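Since the structure comes first, as structure tokens, the remarks are kept for the end.
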Amino acid sequence: MEDIIVRYISRIIVPFVQLYGLYVILHGHLSPGGGFSGGAIFAASMILYALSFNLSAGTKKLSHDVSSVLESGGALIFAGMGLLAVLLGTNFLGNRAAGFPLGIPGNLFSGGAIMVITFGVGIKVASTMITLFYSLIEGEGHSHD
Amino acid sequence: MRKLLVIVLLAVITFAMVTTVLEMPTFGDPANPTNNEVPERYVQETIRETGVLNVIAAIITDYRAFDTLGEATVLFVAIAAALSTLKAH
């Protein structure tokens, strides 16, 4: 697409959308939102970028290798927090029982494992959506060649 | 004939759905069957037990974190299946 208006507006909008996605992920335990919705917002910004520029510009920002690492990394953070609770002597995915610091309710760094798990889920959802979108667009490009 | 069959089938489904909705308890009624000790426990004990303000976040990532891990696994399997199918062509 060779539309200067779309390119210019999306160039301005994308950082704000990404910042808002990160905000929704990191404040998942304080305000409405969480890993799934924040990850979807973050992925929407990358999809907007790839749509308004082109696919090669999008994959330059986030290559397949990076997104597969993020994909597995998000799940590993989640499962790793569960296993850490087992190592600390309680049930799988225990939070207060494992002794994670709960902090003061209402602070950004509170809730022990919940914030880390939300972050992992957010990374995972974002990379899933981005990878799926890029792969579908790529497949379409090959079939038309 | 086929159209008639579709219309009858849709009418039956509509009837079933509408009767289900009409049978539902009133929204917000304190006597609803969902207002038992489970949401009471969540509302009263979430801050003490998990230290977060968002009760939904506490439920999905602490009380029922294992369920969310399964959800993340579903995402992982879905993307793996989609990629292996798309890359094969």
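Residue numbers start at 1 in each chain; chains themselves are named A, B, ... in the order of the structure tokens; ligands are numbered from 1 in the order shown.
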Do a neighbour search on Ala57 in chain A at 12 Å with only C-alpha atoms, toss out local chain neighbours closer than 5 positions, and write the hits as a list in words.
Arg7, Met46, Ile47, Leu48, Tyr49, Ala50, Leu51, Ser52, Leu62, Ser63 and Tyr134 of chain A
Range 5-70 of chain B near range 17-40 of chain A within 7 Å: what's each residue's closest atom pair and its distance in Å to one decimal, counting only C-alpha atoms, ordered by chain then ascending residue number, as a tab-separated table?
```
residue	atom	partner	partner_atom	distance
B:Val52	CA	A:His29	CA	5.6
B:Leu53	CA	A:Leu30	CA	5.2
B:Asn54	CA	A:His29	CA	5.1
B:Ala57	CA	A:His29	CA	5.4
```
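Using only C-alpha atoms, we find that the part of chain B lying within 7 Å of chain A comprises Ile47, Glu49, Thr50, Gly51, Val52, Leu53, Asn54, Ala57, Thr61, Asp62, Ala65, Ala72, Ile79 and Leu86 of chain B.
Picture a line from CA of Ile9 in chain A to CA of Ile137 in chain A; it runs 22.1 Å.
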Would you list, as a ChimeraX atom specification, the residues of range 2-121 of chain A that end up in helix (DSSP H, G or I) under DSSP run on this structure's backbone?
/A:4-26,35-52,55-61,64-87,113-121
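Separating CA of Ile12 in chain A from CA of Val69 in chain A is a distance of 27.9 Å.
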Distance CA of Ala85 in chain A-CA of Ala98 in chain A, one decimal place?
5.2 Å
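Nearest-residue note for Glu45 in chain B: choosing from B:Arg2, B:Asn32, B:Ile7, B:Ile59, the minimum distance belongs to B:Ile59, counting only C-alpha atoms.
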